[in-house]
Amino acid sequence: MLFKKRNTKCGILRQEDEGKKIVLNGWVASRRDLGGLIFIDLRDRWGLVQIVIEPENRPDLAEKAKDIRDEFVLWAEGTVRSRSNPNTKIPTGLIEVVVEDFDIINKSELPPFPVDDNIETGEETKLRYRYLDLRRPVMQNYFAIRNKTYQVCHRYFEKNDFIEVETPVLMKSTPEGARDFLVPSRISKGKFYALPQSPQIFKQILMLSGFERYMQIVKCFRDEDLRSDRQPEFTQIDVEMSFIDRDDILNLIEGLIIELWKEVLDYDVAAPFMRMSYDEAMNRFGSDKPDLRFGMEISDITDAVRSTEFKVFNDTIGEGGIIAAINVKGGSEMSRKNIDELTEFAKKYGAKGLAWMKFANGEVNSPIAKFLDEAVISQLKSQLNAQDGDLILISSDKKRRAQTILGALRLECAKRLGIMDAVKDKFSFHWVIDFPLFEYDEDNERWVAMHHPFTSPMDEDIALLDTDPGSVRAKAYDLVVNGAELGGGSIRIFNSDLQQKMFNKLGLGDKEIEDKFGFFIKALKYGTPPHGGIALGLDRIVMTLAGTDNIRDVIAFPKTTSGLSLMDGSPSFVVEEQLKELGLKLLSEK
RNA sequence: GGAGCUGUAGCUCAGUUUGGUUAGAGCGCCUGCCUGUCACGCAGGAGGCCGCGAGUUCGAGUCUCGUCAGCUCCGCCA
């Protein structure tokens with residue numbers, strides 16, 4: 001179909017364009033046919049403008065316009081003029097375009113939902129018709145922010161003398177970490193490539209190849225269950241540097257964040273960011289990614305309740321656990337039902353129960369009050385800075401578990417009491433540092449790397465590798481904003497013997513190490529510079545910039561919670577021939 | 001792997017507690033009218049596999065079991 005090409009854009013027309021003869025291309029956002037007068041809102045990527053067809057002057061155009069429906073594609077030629085009835089709600093509202101000629105370029109089926117912001121359409125319908133969902137201005141804006149993020153990143157790292165190198169998408173499957181997506185090899189039947197969980201090994205090899213400063217905006221793949229902030233394929237801003245220490249990376253990334261927030265939101269982020277140890281983050285906030293926009297910190301009240309007759313507390317103390325609490329300011333308004341809900345909430349995190357104390361009307365109300373004498377209560381009240389109107393939530397458990405439970409309750413209560421809403425426009429960036437190198441996997445009875453197996457232990461803790469692995473600290477760091485992890489990195493092991501030892505500590509046998517990581521250990525022996533880096537979750541950065549809490553909003557074609565792509569119907573079965581060519585055979589169900 | 005919520009018209013939802021005549025509303029859609037609308041207005045009309053499958057029952061949108069899908073969370077995600 002022939003069409004007249006536009007010479008301007010709908011969304012950019014303003015009062016000063018009055019009198020200009022123009023051509024527009026776009027989609028019909030809405031049509032208001034008054035009989036003697038037809039108004040059409042024409043939409044393109046840049047916005048909306050009202051065009052008018054006047055049957056009195058052009059009955060031929062009016063006749064053609066009768067067929068126009070929402071989402072039809074039009075070209076229209078006309079003259080910009082001031083409106084007699086301006087619309088102050090839209091940027092182009094002072095003017096309109098009187099149509100002198102137009103045609104329908106393409107029709108549209110009736111859309112299953114209006115292509116409009118603020119629609120209330122189910123996720124399933126929107127994903128099935130993702131192309132229509134993406135047409136909505138609010139979605140287009142998310143991707144404008146995403147684009148801006150790419151551009152700022154590339155410019156920032158270019159300016160800082162980084163070089164972008166692409167790493168393979170088909171690589172070797174290695175143990176440790178997330179489940180790999182596997183790709184069968186046709187040429188080497190029975191063998192598989194894996195999609196990268198991250199380009200970790202390649203970027204380290206690029207360091208020993210002498211690239212010094214590497215970055216890449218790169219897709220990563222992890223075959224794990226999805227969440228509102230997790231997709232099986234996602235994008236990382238991947239960075240690695242040689243001859244540097246931790247603070248070089250932290251400073252570099254702070255600079256990037258400052259530039260991103262300035263460019264995208266015109267928001268001034270203050271640096272340097274606060275740095276908090278993992279231990280402190282857990283003790284005070286019960287999370288390794290604490291939200292520091294508000295208080296409600298955790299207090300260890302073990303000493304205060306040590307002398308009580310409450311069996312639950314005494315048993316916990318006897319087993320080496322702790323009693324800890326948060327003070328939910330103004331929480332005494334919560335009903336018994338609300339507190340029961342909080343108890344259920346706590347149970348998801350492994351809590352066996354939840355003790356609480358309400359302070360109201362000068363009195364204390366608590367199911368455990370009978371175990372606490374006057375002195376203990378007043379001690380707690382002063383330690384927790386509790387006043388009338390407050391609610392104290394108490395967890396009694398192993399140290400980290402008690403903290404995690406209270407950390408989760410802290411966020412939940414902040415949501416319920418409107419604290420989250422009150423701070424929603426703030427950005428609180430900080431670093432969590434000094435992570436443990438290992439954590440113990442109870443199920444498999446072995447140590448696993450908390451960050452990844454290439455992370456360097458702190459020099460002063462290396463001796464503890466053999467005697468007390470659990471207390472070895474890592475040269476690792478996470479970037480956190482508003483309770484979300486934006487990225488993490490570490491200074492790497494650059495000594496092949498230490499790398500070998502690390503794998504041993506993780507329970508890998510020499511043969512397995514040779515088989516899975518031999519090439520890497522070998523590479524480390526050819527003059528590896530000290531190096532380290534970080535990977536930032538680009539999708540999460542864009543989410544934060546865009547102010548959305550769902551990762552699907554910032555990925556053009558996302559998967560559902562069960563990993564399906566509803567628009568194109570993947571994953572799907574393949575024909576027998578394809579399997580045969582790959583040397584594969586499906587197991588029959590059960 | 002587990003838990004919770006949801007599934008009824010194109011869309012958003014009511015109806016399910018306590019089974020019972022022809023399953024409703026708003027928006028959208030279709031037709032007609034309408035010269036200043038911008039959530040246009042007015043009049044009329046069409047539109048249903050009550051997610052799917054079993055079961056209970058004289059009778060199921062409603063009760064039971066299973067299953068599928070969407071969302072959120074726990075586990076998982078170095």
# chains A, B, ... in the order shown; residues from 1 in each chain; ligands from 1
>>> interface_residues(of="chain A", to="chain B", cutoff="7 Å", atoms="only C-alpha atoms (C1' of nucleotides)", output="list in words")
Arg32, Leu34, Gly35, Gly36, Leu37, Phe39, Asn85, Pro112, Phe113, Glu120, Thr121, Glu123, Glu124, Glu176, Gly177, Ala178, Glu224, Asp225, Lys348, Tyr349, Ala449, Met450, His451, His452 and Pro453 of chain A
>>> residues_around(residues="B:U64", least_positions_apart="6", cutoff="12 Å", atoms="only C-alpha atoms (C1' of nucleotides)", output="ChimeraX atom specification")
/B:54-57
>>> select_by_dssp(residues="stretch 71-145 of chain A", states="strand (DSSP E)", output="list in words")
Val73, Leu74, Trp75, Ala76, Glu77, Gly78, Thr79, Val80, Arg81, Ser82, Ile95, Glu96, Val97, Val98, Val99, Glu100, Asp101, Phe102, Asp103, Ile104, Ile105 and Asn106 of chain A
>>> write_last_selection(atoms="N, CA and C atoms", output="PDB file, in the first residue's frame")
ATOM      1  N   VAL A  73      -3.839   2.238  10.945  1.00  0.00           N
ATOM      2  CA  VAL A  73      -2.644   3.012  10.617  1.00  0.00           C
ATOM      3  C   VAL A  73      -3.009   4.004   9.513  1.00  0.00           C
ATOM      4  N   LEU A  74      -2.696   5.279   9.735  1.00  0.00           N
ATOM      5  CA  LEU A  74      -3.084   6.322   8.782  1.00  0.00           C
ATOM      6  C   LEU A  74      -1.890   7.159   8.337  1.00  0.00           C
ATOM      7  N   TRP A  75      -2.007   7.757   7.179  1.00  0.00           N
ATOM      8  CA  TRP A  75      -1.220   8.955   6.897  1.00  0.00           C
ATOM      9  C   TRP A  75      -2.215  10.081   6.732  1.00  0.00           C
ATOM     10  N   ALA A  76      -1.798  11.266   7.135  1.00  0.00           N
ATOM     11  CA  ALA A  76      -2.708  12.407   7.034  1.00  0.00           C
ATOM     12  C   ALA A  76      -1.906  13.665   6.739  1.00  0.00           C
ATOM     13  N   GLU A  77      -2.415  14.433   5.783  1.00  0.00           N
ATOM     14  CA  GLU A  77      -1.780  15.692   5.436  1.00  0.00           C
ATOM     15  C   GLU A  77      -2.720  16.803   5.852  1.00  0.00           C
ATOM     16  N   GLY A  78      -2.164  17.880   6.383  1.00  0.00           N
ATOM     17  CA  GLY A  78      -3.039  18.960   6.808  1.00  0.00           C
ATOM     18  C   GLY A  78      -2.253  20.144   7.325  1.00  0.00           C
ATOM     19  N   THR A  79      -2.991  21.064   7.923  1.00  0.00           N
ATOM     20  CA  THR A  79      -2.379  22.291   8.405  1.00  0.00           C
ATOM     21  C   THR A  79      -2.586  22.413   9.916  1.00  0.00           C
ATOM     22  N   VAL A  80      -1.510  22.794  10.603  1.00  0.00           N
ATOM     23  CA  VAL A  80      -1.577  22.972  12.053  1.00  0.00           C
ATOM     24  C   VAL A  80      -2.292  24.288  12.346  1.00  0.00           C
ATOM     25  N   ARG A  81      -3.257  24.235  13.263  1.00  0.00           N
ATOM     26  CA  ARG A  81      -3.899  25.492  13.665  1.00  0.00           C
ATOM     27  C   ARG A  81      -4.170  25.482  15.174  1.00  0.00           C
ATOM     28  N   SER A  82      -4.352  26.647  15.731  1.00  0.00           N
ATOM     29  CA  SER A  82      -4.692  26.753  17.152  1.00  0.00           C
ATOM     30  C   SER A  82      -6.082  26.198  17.384  1.00  0.00           C
ATOM     31  N   ILE A  95      -2.931  22.839  19.933  1.00  0.00           N
ATOM     32  CA  ILE A  95      -3.131  22.866  18.480  1.00  0.00           C
ATOM     33  C   ILE A  95      -3.846  21.601  18.007  1.00  0.00           C
ATOM     34  N   GLU A  96      -4.227  21.633  16.736  1.00  0.00           N
ATOM     35  CA  GLU A  96      -4.785  20.449  16.089  1.00  0.00           C
ATOM     36  C   GLU A  96      -4.411  20.534  14.623  1.00  0.00           C
ATOM     37  N   VAL A  97      -4.652  19.454  13.884  1.00  0.00           N
ATOM     38  CA  VAL A  97      -4.297  19.446  12.466  1.00  0.00           C
ATOM     39  C   VAL A  97      -5.579  19.292  11.639  1.00  0.00           C
ATOM     40  N   VAL A  98      -5.870  20.256  10.802  1.00  0.00           N
ATOM     41  CA  VAL A  98      -7.035  20.167   9.919  1.00  0.00           C
ATOM     42  C   VAL A  98      -6.626  19.315   8.718  1.00  0.00           C
ATOM     43  N   VAL A  99      -7.343  18.217   8.531  1.00  0.00           N
ATOM     44  CA  VAL A  99      -6.935  17.266   7.505  1.00  0.00           C
ATOM     45  C   VAL A  99      -7.358  17.743   6.118  1.00  0.00           C
ATOM     46  N   GLU A 100      -6.373  17.749   5.202  1.00  0.00           N
ATOM     47  CA  GLU A 100      -6.665  18.100   3.811  1.00  0.00           C
ATOM     48  C   GLU A 100      -6.637  16.874   2.908  1.00  0.00           C
ATOM     49  N   ASP A 101      -5.950  15.846   3.356  1.00  0.00           N
ATOM     50  CA  ASP A 101      -5.974  14.567   2.649  1.00  0.00           C
ATOM     51  C   ASP A 101      -5.485  13.497   3.609  1.00  0.00           C
ATOM     52  N   PHE A 102      -5.992  12.296   3.456  1.00  0.00           N
ATOM     53  CA  PHE A 102      -5.502  11.201   4.307  1.00  0.00           C
ATOM     54  C   PHE A 102      -5.891   9.889   3.657  1.00  0.00           C
ATOM     55  N   ASP A 103      -5.295   8.797   4.167  1.00  0.00           N
ATOM     56  CA  ASP A 103      -5.785   7.486   3.776  1.00  0.00           C
ATOM     57  C   ASP A 103      -5.481   6.484   4.870  1.00  0.00           C
ATOM     58  N   ILE A 104      -6.248   5.400   4.838  1.00  0.00           N
ATOM     59  CA  ILE A 104      -5.991   4.292   5.753  1.00  0.00           C
ATOM     60  C   ILE A 104      -4.880   3.459   5.138  1.00  0.00           C
ATOM     61  N   ILE A 105      -3.744   3.359   5.808  1.00  0.00           N
ATOM     62  CA  ILE A 105      -2.625   2.555   5.309  1.00  0.00           C
ATOM     63  C   ILE A 105      -2.855   1.086   5.614  1.00  0.00           C
ATOM     64  N   ASN A 106      -3.401   0.842   6.824  1.00  0.00           N
ATOM     65  CA  ASN A 106      -3.647  -0.536   7.227  1.00  0.00           C
ATOM     66  C   ASN A 106      -4.730  -0.560   8.289  1.00  0.00           C
TER      67      ASN A 106
END
>>> residues_around(residues="A:Gly210", least_positions_apart="2", cutoff="12 Å", atoms="only C-alpha atoms (C1' of nucleotides)", output="list in words")
Ile163, Lys203, Gln204, Ile205, Leu206, Met207, Leu208, Glu212, Arg213, Tyr214, Glu240, Met241, Ser242, Phe243, Tyr526, Gly527, Thr528, Pro529, Pro530 and His531 of chain A
>>> residues_around(residues="A:Lys399", least_positions_apart="4", cutoff="9 Å", atoms="only C-alpha atoms (C1' of nucleotides)", output="list in words")
Asn283, Gly320, Gly321, Ile322, Ile323, Ala324, Gln403 and Thr404 of chain A
>>> atom_distance(atom1="atom CA of A:Arg400", atom2="atom CA of A:Ala476")
19.5 Å
>>> closest_residue(among="B:C42, B:C50, B:C65, B:C30", to="B:A9", atoms="only C-alpha atoms (C1' of nucleotides)")
B:C50
>>> select_by_dssp(residues="stretch 231-474 of chain A", states="alpha helix (DSSP H)", output="ChimeraX atom specification")
/A:246-265,278-285,302-305,311-318,336-347,374-383,399-416,419-422,464-467
>>> residues_around(residues="B:G53", least_positions_apart="5", cutoff="12 Å", atoms="only C-alpha atoms (C1' of nucleotides)", output="number ranges by chain")
B: 65-68
>>> write_last_selection(atoms="N, CA and C atoms (P, O5', C5', C4', C3', O3' and C1' of nucleotides)", output="tab-separated table (two decimals), in the first residue's frame")
chain	number	residue	atom	x	y	z
B	65	C	P	-11.58	-31.17	47.64
B	65	C	O5'	-11.09	-32.21	46.55
B	65	C	C5'	-10.83	-33.56	46.89
B	65	C	C4'	-10.58	-34.37	45.64
B	65	C	C3'	-9.50	-33.84	44.72
B	65	C	O3'	-8.20	-34.16	45.16
B	65	C	C1'	-11.38	-34.43	43.43
B	66	G	P	-6.97	-33.20	44.77
B	66	G	O5'	-6.80	-33.42	43.20
B	66	G	C5'	-6.35	-34.67	42.71
B	66	G	C4'	-6.55	-34.75	41.23
B	66	G	C3'	-5.75	-33.76	40.39
B	66	G	O3'	-4.40	-34.16	40.22
B	66	G	C1'	-7.97	-33.86	39.58
B	67	U	P	-3.27	-33.04	40.04
B	67	U	O5'	-3.59	-32.42	38.61
B	67	U	C5'	-3.48	-33.21	37.43
B	67	U	C4'	-4.05	-32.46	36.26
B	67	U	C3'	-3.41	-31.11	35.98
B	67	U	O3'	-2.20	-31.23	35.24
B	67	U	C1'	-5.76	-30.89	35.92
B	68	C	P	-1.05	-30.15	35.45
B	68	C	O5'	-1.53	-28.94	34.52
B	68	C	C5'	-1.70	-29.15	33.13
B	68	C	C4'	-2.40	-27.96	32.53
B	68	C	C3'	-1.80	-26.60	32.85
B	68	C	O3'	-0.66	-26.31	32.07
B	68	C	C1'	-4.13	-26.48	33.10
